[in-house]
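With CSV, C-alpha atoms inside, this is target_33.csv:
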chain,number,residue,atom,x,y,z
A,1,MET,CA,119.8,0.0,-202.3
A,2,ASP,CA,116.8,-0.8,-200.1
A,3,TYR,CA,118.6,-2.7,-197.4
A,4,GLU,CA,115.4,-3.3,-195.3
A,5,LYS,CA,113.8,-5.0,-198.3
A,6,LYS,CA,116.9,-7.1,-199.0
A,7,TYR,CA,117.0,-8.2,-195.3
A,8,LYS,CA,113.3,-9.2,-195.3
A,9,GLU,CA,113.8,-11.2,-198.6
A,10,ALA,CA,116.8,-13.0,-197.0
A,11,LEU,CA,114.7,-13.9,-194.0
A,12,GLU,CA,112.0,-15.4,-196.2
A,13,ARG,CA,114.5,-17.5,-198.1
A,14,ALA,CA,116.0,-18.7,-194.8
A,15,LYS,CA,112.5,-19.8,-193.5
A,16,LYS,CA,111.8,-21.7,-196.7
A,17,ILE,CA,115.1,-23.5,-196.6
A,18,GLY,CA,114.5,-24.3,-192.9
A,19,THR,CA,111.0,-25.8,-193.6
A,20,SER,CA,112.2,-27.6,-196.8
A,21,LYS,CA,109.9,-25.4,-198.9
A,22,MET,CA,112.8,-24.3,-201.0
A,23,SER,CA,115.1,-26.8,-202.8
A,24,LEU,CA,118.8,-26.3,-202.3
A,25,ASP,CA,121.2,-25.7,-205.2
A,26,PRO,CA,124.1,-28.2,-204.7
A,27,THR,CA,126.5,-25.8,-206.4
A,28,ARG,CA,125.9,-23.0,-204.0
A,29,THR,CA,126.4,-22.7,-200.2
A,30,ILE,CA,123.5,-22.1,-198.0
A,31,VAL,CA,124.7,-18.5,-197.3
A,32,GLU,CA,124.9,-17.8,-201.0
A,33,GLN,CA,121.3,-19.0,-201.4
A,34,ILE,CA,120.1,-16.9,-198.6
A,35,PHE,CA,122.1,-13.9,-199.7
A,36,PRO,CA,122.5,-14.1,-203.5
A,37,GLU,CA,124.5,-10.9,-203.5
A,38,LEU,CA,127.4,-12.8,-201.9
A,39,ALA,CA,127.5,-15.5,-204.5
A,40,GLU,CA,130.5,-15.7,-206.7
A,41,SER,CA,130.1,-15.2,-210.4
A,42,GLU,CA,130.6,-18.1,-212.7
A,43,ASP,CA,133.7,-16.5,-214.0
A,44,GLU,CA,135.2,-16.3,-210.5
A,45,LYS,CA,134.4,-20.0,-209.8
A,46,ILE,CA,136.0,-21.1,-213.1
A,47,ARG,CA,139.1,-19.1,-212.3
A,48,LYS,CA,139.5,-20.6,-208.8
A,49,ASP,CA,138.8,-24.1,-210.2
A,50,LEU,CA,141.5,-23.6,-212.8
A,51,ILE,CA,144.0,-22.5,-210.1
A,52,HIS,CA,143.1,-25.6,-208.1
A,53,TRP,CA,143.7,-27.8,-211.2
A,54,VAL,CA,147.1,-26.3,-211.8
A,55,LYS,CA,148.1,-26.7,-208.1
A,56,THR,CA,147.0,-30.4,-207.8
A,57,ASN,CA,147.2,-32.0,-211.2
A,58,ILE,CA,149.8,-30.4,-213.5
A,59,SER,CA,153.3,-32.0,-213.4
A,60,TYR,CA,156.5,-30.9,-215.2
A,61,GLU,CA,156.8,-34.1,-217.1
A,62,ARG,CA,157.0,-34.0,-220.9
A,63,MET,CA,157.4,-30.2,-221.1
A,64,PRO,CA,158.5,-29.1,-224.6
A,65,VAL,CA,162.2,-28.4,-224.9
A,66,GLY,CA,163.0,-24.7,-224.3
A,67,MET,CA,159.6,-23.9,-222.8
A,68,ASN,CA,159.9,-21.5,-219.9
A,69,TYR,CA,157.0,-22.7,-217.8
A,70,SER,CA,156.2,-23.1,-214.1
A,71,ASN,CA,153.0,-23.8,-212.2
A,72,GLU,CA,153.9,-20.9,-209.8
A,73,CYS,CA,153.9,-18.4,-212.7
A,74,VAL,CA,150.6,-19.6,-214.1
A,75,ILE,CA,149.0,-19.6,-210.6
A,76,ALA,CA,150.3,-16.0,-209.9
A,77,TRP,CA,148.9,-14.8,-213.2
A,78,LEU,CA,145.5,-16.5,-212.7
A,79,GLU,CA,145.2,-15.0,-209.2
A,80,LYS,CA,145.8,-11.5,-210.7
A,81,GLN,CA,142.9,-11.9,-213.0
A,82,GLY,CA,140.5,-11.7,-210.0
A,83,GLU,CA,141.5,-8.0,-209.7
A,84,ARG,CA,140.1,-5.3,-211.9
A,85,LYS,CA,142.6,-5.1,-214.7
A,86,PRO,CA,143.2,-2.6,-217.4
A,87,SER,CA,143.8,-3.6,-221.0
A,88,TRP,CA,145.8,-6.6,-222.3
A,89,SER,CA,149.6,-6.5,-221.8
A,90,GLU,CA,152.6,-8.6,-223.0
A,91,GLU,CA,152.7,-10.2,-219.5
A,92,ASP,CA,149.0,-11.1,-219.9
A,93,GLU,CA,149.7,-12.7,-223.3
A,94,ILE,CA,152.5,-14.9,-221.8
A,95,GLY,CA,150.3,-15.9,-218.8
A,96,TYR,CA,147.4,-16.6,-221.1
A,97,ASN,CA,149.4,-19.0,-223.3
A,98,ASP,CA,150.9,-20.7,-220.2
A,99,ALA,CA,147.4,-21.2,-218.8
A,100,LEU,CA,146.2,-22.7,-222.1
A,101,PHE,CA,149.1,-25.1,-222.0
A,102,ALA,CA,148.2,-26.0,-218.4
A,103,ILE,CA,144.7,-26.9,-219.5
A,104,GLU,CA,146.1,-29.2,-222.2
A,105,LYS,CA,148.2,-30.9,-219.5
A,106,ALA,CA,145.2,-31.2,-217.2
A,107,ARG,CA,143.2,-33.0,-219.9
A,108,LEU,CA,145.8,-35.8,-219.8
A,109,VAL,CA,144.9,-36.6,-216.2
A,110,ALA,CA,141.2,-35.8,-216.3
A,111,LYS,CA,139.2,-38.5,-214.5
A,112,ASP,CA,135.8,-38.3,-216.3
A,113,GLU,CA,133.6,-36.2,-218.5
A,114,ASN,CA,132.8,-33.8,-215.7
A,115,ASP,CA,136.5,-33.0,-215.4
A,116,MET,CA,136.7,-32.6,-219.2
A,117,GLY,CA,133.7,-30.3,-219.2
A,118,ASN,CA,135.2,-28.1,-216.5
A,119,LEU,CA,138.4,-27.8,-218.4
A,120,TRP,CA,136.4,-26.8,-221.5
A,121,PHE,CA,134.7,-24.1,-219.6
A,122,ALA,CA,138.1,-22.9,-218.2
A,123,GLU,CA,139.5,-22.7,-221.8
A,124,GLU,CA,136.4,-20.7,-223.0
A,125,TRP,CA,136.7,-18.4,-220.0
A,126,LEU,CA,140.3,-17.7,-220.8
A,127,LYS,CA,139.5,-16.9,-224.4
A,128,SER,CA,136.6,-14.6,-223.3
A,129,LEU,CA,138.9,-12.8,-220.8
A,130,LYS,CA,141.5,-12.1,-223.5
A,131,GLY,CA,138.9,-11.0,-226.1
A,132,ASN,CA,137.2,-8.5,-223.7
A,133,ARG,CA,140.5,-7.0,-222.5
A,134,VAL,CA,142.0,-6.8,-226.0
A,135,ALA,CA,138.8,-5.0,-227.2
A,136,LYS,CA,139.2,-2.6,-224.2
A,137,LYS,CA,142.8,-1.9,-225.2
A,138,LYS,CA,141.7,-1.0,-228.8
A,139,ILE,CA,139.0,1.4,-227.4
A,140,GLU,CA,141.6,3.0,-225.1
A,141,LYS,CA,144.0,3.6,-228.0
A,142,GLN,CA,141.2,5.2,-230.0
A,143,ASP,CA,140.4,7.4,-227.1
A,144,GLU,CA,144.0,8.5,-226.8
A,145,ARG,CA,143.9,9.7,-230.4
A,146,LYS,CA,140.9,11.9,-229.6
A,147,PRO,CA,141.7,15.1,-227.7
A,148,ALA,CA,139.7,15.5,-224.6
A,149,ASN,CA,136.7,17.9,-225.0
A,150,LYS,CA,137.5,18.3,-228.7
A,151,VAL,CA,135.6,21.2,-230.2
A,152,GLU,CA,134.6,20.9,-233.8
A,153,PRO,CA,135.3,23.9,-236.0
A,154,ARG,CA,132.4,25.9,-237.4
A,155,PHE,CA,134.5,27.4,-240.2
A,156,GLY,CA,136.6,25.9,-242.9
A,157,VAL,CA,140.0,26.7,-244.5
A,158,SER,CA,139.8,29.8,-246.8
A,159,ASP,CA,136.6,31.1,-245.1
A,160,LEU,CA,136.5,34.8,-244.4
A,161,VAL,CA,135.5,35.6,-240.8
A,162,VAL,CA,134.9,38.8,-238.8
A,163,ASP,CA,135.9,39.4,-235.2
A,164,ASN,CA,134.0,41.5,-232.6
A,165,SER,CA,135.9,44.6,-233.7
A,166,GLY,CA,134.9,44.2,-237.3
A,167,TYR,CA,138.4,43.1,-238.5
A,168,VAL,CA,138.3,40.5,-241.3
A,169,TRP,CA,140.4,37.4,-241.2
A,170,LYS,CA,141.0,34.6,-243.6
A,171,ILE,CA,141.3,31.0,-242.1
A,172,GLU,CA,144.6,29.7,-243.5
A,173,GLY,CA,144.5,26.4,-241.6
A,174,ILE,CA,143.2,24.4,-238.7
A,175,LEU,CA,145.8,22.7,-236.4
A,176,ASN,CA,144.7,20.6,-233.4
A,177,GLN,CA,142.3,22.9,-231.5
A,178,PHE,CA,143.4,26.2,-233.2
A,179,TYR,CA,142.5,28.3,-236.2
A,180,LEU,CA,145.5,29.8,-238.1
A,181,LEU,CA,144.3,33.2,-239.2
A,182,GLU,CA,145.7,35.9,-241.6
A,183,GLY,CA,144.3,39.4,-241.5
A,184,VAL,CA,143.1,40.7,-244.9
A,185,GLU,CA,145.0,43.9,-244.2
A,186,GLY,CA,148.0,42.1,-242.6
A,187,GLY,CA,148.9,40.3,-239.5
A,188,GLU,CA,148.6,36.7,-238.4
A,189,SER,CA,147.0,35.1,-235.4
A,190,ARG,CA,146.5,31.7,-233.8
A,191,LEU,CA,143.3,31.4,-231.8
A,192,LYS,CA,141.4,28.6,-230.1
A,193,ILE,CA,138.6,27.0,-232.2
A,194,GLU,CA,136.2,27.5,-229.2
A,195,GLN,CA,136.9,31.2,-229.1
A,196,VAL,CA,136.6,31.8,-232.8
A,197,ASN,CA,133.4,29.6,-233.0
A,198,LYS,CA,131.8,31.8,-230.3
A,199,ASP,CA,133.0,35.3,-231.2
A,200,PHE,CA,133.5,35.3,-235.0
A,201,HIS,CA,131.0,35.1,-237.9
A,202,LEU,CA,131.3,34.6,-241.6
A,203,TRP,CA,131.9,37.8,-243.6
A,204,THR,CA,129.1,39.0,-245.9
A,205,ILE,CA,128.6,42.2,-247.8
A,206,GLN,CA,126.7,43.5,-244.8
A,207,ASP,CA,130.0,43.7,-242.9
A,208,ALA,CA,131.6,46.1,-245.5
A,209,LYS,CA,132.4,49.7,-244.4
A,210,ASP,CA,132.8,52.8,-246.4
A,211,GLY,CA,136.3,52.8,-247.9
A,212,ASP,CA,136.8,49.0,-247.9
A,213,VAL,CA,138.4,47.5,-251.0
A,214,LEU,CA,136.3,44.6,-252.2
A,215,VAL,CA,136.1,42.4,-255.2
A,216,LEU,CA,132.9,41.2,-257.1
A,217,PHE,CA,132.9,37.9,-258.9
A,218,PRO,CA,130.0,38.2,-261.4
A,219,PRO,CA,128.4,35.1,-263.0
A,220,LYS,CA,129.9,36.2,-266.3
A,221,GLY,CA,132.8,38.5,-267.2
A,222,ALA,CA,135.9,39.6,-265.4
A,223,GLU,CA,136.1,40.2,-261.6
A,224,ARG,CA,135.6,43.8,-260.5
A,225,LEU,CA,137.8,45.5,-257.9
A,226,PHE,CA,136.2,48.5,-256.2
A,227,ILE,CA,136.1,50.8,-253.2
A,228,PHE,CA,132.8,50.2,-251.3
A,229,LYS,CA,130.6,53.1,-250.3
A,230,GLU,CA,127.3,51.9,-249.0
A,231,ILE,CA,124.3,49.6,-249.5
A,232,LYS,CA,121.3,51.4,-250.8
A,233,ASN,CA,118.6,50.0,-248.5
A,234,SER,CA,116.3,53.0,-248.1
A,235,GLY,CA,114.2,55.3,-250.2
A,236,VAL,CA,113.1,53.8,-253.5
A,237,PHE,CA,115.1,50.7,-252.7
A,238,LYS,CA,113.5,50.1,-249.2
A,239,ASN,CA,111.3,47.2,-250.3
A,240,ALA,CA,113.6,45.7,-252.9
A,241,ALA,CA,114.4,42.0,-252.7
A,242,PHE,CA,118.1,42.8,-253.0
A,243,TYR,CA,119.8,46.1,-252.4
A,244,PRO,CA,122.1,47.9,-254.8
A,245,VAL,CA,125.8,48.2,-253.7
A,246,ASP,CA,127.2,51.7,-254.2
A,247,PHE,CA,130.9,52.4,-254.8
A,248,HIS,CA,133.5,55.1,-255.3
A,249,CYS,CA,135.6,53.7,-258.1
A,250,THR,CA,136.4,50.4,-259.8
A,251,LEU,CA,139.1,48.5,-261.7
A,252,VAL,CA,138.1,46.0,-264.4
A,253,LYS,CA,140.7,44.4,-266.6
A,254,ASN,CA,143.3,46.9,-265.4
A,255,VAL,CA,141.1,49.8,-266.4
A,256,PHE,CA,140.4,52.3,-263.6
A,257,ARG,CA,137.4,54.5,-263.6
A,258,ILE,CA,135.2,56.6,-261.3
A,259,LYS,CA,131.5,55.6,-261.0
A,260,SER,CA,129.0,57.5,-263.0
A,261,GLU,CA,125.8,58.9,-261.7
A,262,PHE,CA,123.1,56.3,-260.8
A,263,GLU,CA,125.5,53.5,-261.4
A,264,TYR,CA,125.9,50.6,-258.9
A,265,ILE,CA,128.5,47.8,-258.8
A,266,GLY,CA,126.0,45.0,-258.2
A,267,GLU,CA,123.3,43.8,-255.7
A,268,THR,CA,123.7,42.3,-252.2
A,269,ASN,CA,122.8,38.8,-253.4
A,270,GLU,CA,126.0,38.6,-255.6
A,271,ASN,CA,129.3,37.1,-254.8
A,272,PHE,CA,131.5,39.7,-252.9
A,273,ALA,CA,134.7,39.3,-250.9
A,274,PRO,CA,137.3,41.5,-249.3
A,275,ALA,CA,140.2,42.2,-251.7
A,276,THR,CA,143.6,40.6,-251.1
A,277,LYS,CA,146.7,42.7,-250.3
A,278,GLU,CA,147.9,42.3,-253.9
A,279,GLN,CA,144.5,43.4,-255.3
A,280,ARG,CA,144.4,46.5,-253.1
A,281,GLU,CA,147.9,47.4,-254.2
A,282,LEU,CA,146.9,47.0,-257.9
A,283,LEU,CA,143.8,49.2,-257.5
A,284,PHE,CA,145.7,52.0,-255.8
A,285,SER,CA,148.5,51.8,-258.4
A,286,LYS,CA,146.1,52.1,-261.3
A,287,MET,CA,144.3,54.9,-259.4
A,288,LYS,CA,147.5,56.9,-259.2
A,289,GLU,CA,148.3,56.3,-262.9
A,290,ALA,CA,144.8,57.8,-263.6
A,291,GLY,CA,145.7,60.9,-261.6
A,292,TYR,CA,143.7,60.2,-258.4
A,293,GLY,CA,144.5,59.5,-254.8
A,294,TRP,CA,142.4,58.1,-252.0
A,295,ASN,CA,141.7,60.2,-248.9
A,296,LYS,CA,141.4,57.5,-246.2
A,297,GLU,CA,140.1,59.8,-243.5
A,298,GLU,CA,137.4,61.4,-245.6
A,299,CYS,CA,136.7,58.3,-247.7
A,300,THR,CA,136.8,60.4,-250.9
A,301,LEU,CA,138.7,60.4,-254.2
A,302,GLU,CA,141.0,63.4,-254.8
A,303,LYS,CA,142.6,64.6,-258.0
A,304,ILE,CA,146.4,64.8,-257.8

Could you rewrite the structure in this file as structure tokens?
Amino acid sequence: MDYEKKYKEALERAKKIGTSKMSLDPTRTIVEQIFPELAESEDEKIRKDLIHWVKTNISYERMPVGMNYSNECVIAWLEKQGERKPSWSEEDEIGYNDALFAIEKARLVAKDENDMGNLWFAEEWLKSLKGNRVAKKKIEKQDERKPANKVEPRFGVSDLVVDNSGYVWKIEGILNQFYLLEGVEGGESRLKIEQVNKDFHLWTIQDAKDGDVLVLFPPKGAERLFIFKEIKNSGVFKNAAFYPVDFHCTLVKNVFRIKSEFEYIGETNENFAPATKEQRELLFSKMKEAGYGWNKEECTLEKI
């Protein structure tokens, strides 16, 4: 705030009032007109006027039977409303209803239209006070339901994601601020959404390694289980729009076979995914029945 400027403006207003060049507002003190920052708000004036009315004009005559009412309680509640208050409470609801009742009683002894007008403003102020504080309470409740600094998940349930070490996980669920993960080769984990969002990425065929068991979902026909070998992205395939996917062996409709020369399982634009535990077990079972075994260290098929 520019205090020097405020001070000069106040001096100018004081000079005008002193020389009658500035008309006085009868509803404001001279100090309030010289220093507008000190003026009470209209709400504060209405609150104080209402307290004065209750103190001087409300009697206990003709109180409804069983009504637990006292001027002291209404005054105490109205005085509290001058403080910065949080949201609306049960105590506020009682004080509000008692204050409305006090206004109705005050109307019975109002002297003129000016008194009636002031009481109307007091009633509207009460309604506005309640409306604003009830609205605040609703907002607070909504905020309570929202976790602080909530991080939105990048991935969805059933997505396959890869961590920094190349291990593949399936997202089994999202709970509060955590992903529930299951490794495609076993194991479970519960990691913060923020961490997974930052360090993981969606699995693609480009993440596959020699020896991984994958499944291809072709546009037509049965799914194909296979052991991945490599993506052919060099030589004659260097400038291809999509690269061929090479493999060691495949299982289609429970029929196991080793790849033939110049055969590829599909291209990189097709729908691949890591095989499930059950699919891997099925492939290796059919492989054994066909008389072959898989050398995991050498990534080769061996006759058994």

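Comparing the minimum interatomic distances between Asn269 (chain A) and each of A:Ile51, A:Ala122, A:Leu283, A:Ala241, counting all atoms listed in the file, we find that A:Ala241 sits nearest.
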
Selection: 12 Å around Glu297 (chain A), only C-alpha atoms, excl. self and same-chain fewer than 4 positions, as a VMD selection string: chain A and resid 210 to 211 301 to 302

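Between Gly187 (chain A) and the residues A:Tyr167, A:Glu267, A:Ile258, A:Cys299, the shortest atom-to-atom distance, using only C-alpha atoms, involves A:Tyr167.
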
Answer as JSON, numbers by chain, residues within 9 Å of (138.2, 31.6, -245.5) using only C-alpha atoms: {"A": [155, 156, 157, 158, 159, 160, 161, 169, 170, 171, 172, 181, 202]}

Distance in Å - CA of Lys232 (chain A) versus CA of Ala208 (chain A): 12.7 Å

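With all atoms listed in the file taken into account, the protein and nucleic acid residues at most 6 Å from region 212-220 of chain A (excluding it and anything under 3 positions from it in its own chain) are Lys209, Glu223, Arg224, Leu225, Phe226, Ile227, Phe228, Asn271, Phe272, Ala273, Pro274 and Ala275 of chain A.
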
Store the residues of this selection in a file with C-alpha atoms, as a JSON list (two decimals), in the frame of the given file.
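Result file is part06.json:
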[["chain", "number", "residue", "atom", "x", "y", "z"],
["A", 209, "LYS", "CA", 132.40, 49.70, -244.40],
["A", 223, "GLU", "CA", 136.10, 40.20, -261.60],
["A", 224, "ARG", "CA", 135.60, 43.80, -260.50],
["A", 225, "LEU", "CA", 137.80, 45.50, -257.90],
["A", 226, "PHE", "CA", 136.20, 48.50, -256.20],
["A", 227, "ILE", "CA", 136.10, 50.80, -253.20],
["A", 228, "PHE", "CA", 132.80, 50.20, -251.30],
["A", 271, "ASN", "CA", 129.30, 37.10, -254.80],
["A", 272, "PHE", "CA", 131.50, 39.70, -252.90],
["A", 273, "ALA", "CA", 134.70, 39.30, -250.90],
["A", 274, "PRO", "CA", 137.30, 41.50, -249.30],
["A", 275, "ALA", "CA", 140.20, 42.20, -251.70]]

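Reported to one decimal place, the separation of CA of Phe178 (chain A) from CA of Asp207 (chain A) is 24.1 Å.
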
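For the choices A:Ala135, A:Val168, A:Val109, A:Ile265, the atom-to-atom distance to Thr204 (chain A) is smallest for A:Val168 when using all atoms listed in the file.
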
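Closest approach to Glu72 (chain A) from the set A:Arg257, A:Trp88, A:Asn295, A:Val54 is made by A:Val54, with distances taken over all atoms listed in the file.
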
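In this model, the gap between CA of Arg47 (chain A) and CA of Gln81 (chain A) comes to 8.2 Å.
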
Test item: which residues lie within 12 Å of (146.5, -28.5, -208.7) counting all atoms listed in the file, as a ChimeraX atom specification: /A:48-59,71-72,74-75,102-103,105-106,109-110

Neighbour list for Asn97 (chain A) as a list in words, cut-off 12 Å, only C-alpha atoms, skip fewer than 2 positions in-chain: Met67, Asn68, Tyr69, Cys73, Val74, Trp77, Leu78, Glu90, Glu91, Asp92, Glu93, Ile94, Gly95, Ala99, Leu100, Phe101, Ala102, Ile103, Glu104, Glu123, Leu126, Lys127 and Lys130 of chain A

Selection: 10 Å around Lys198 (chain A), all atoms listed in the file, excl. self and same-chain fewer than 3 positions, as an NGL selection string: :A and (154 or 163 or 193-195 or 201)

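Between Lys150 (chain A) and the candidates A:Leu251, A:Tyr292, A:Met287, A:Asn176, the tightest atom-to-atom separation, counting all atoms listed in the file, involves A:Asn176.
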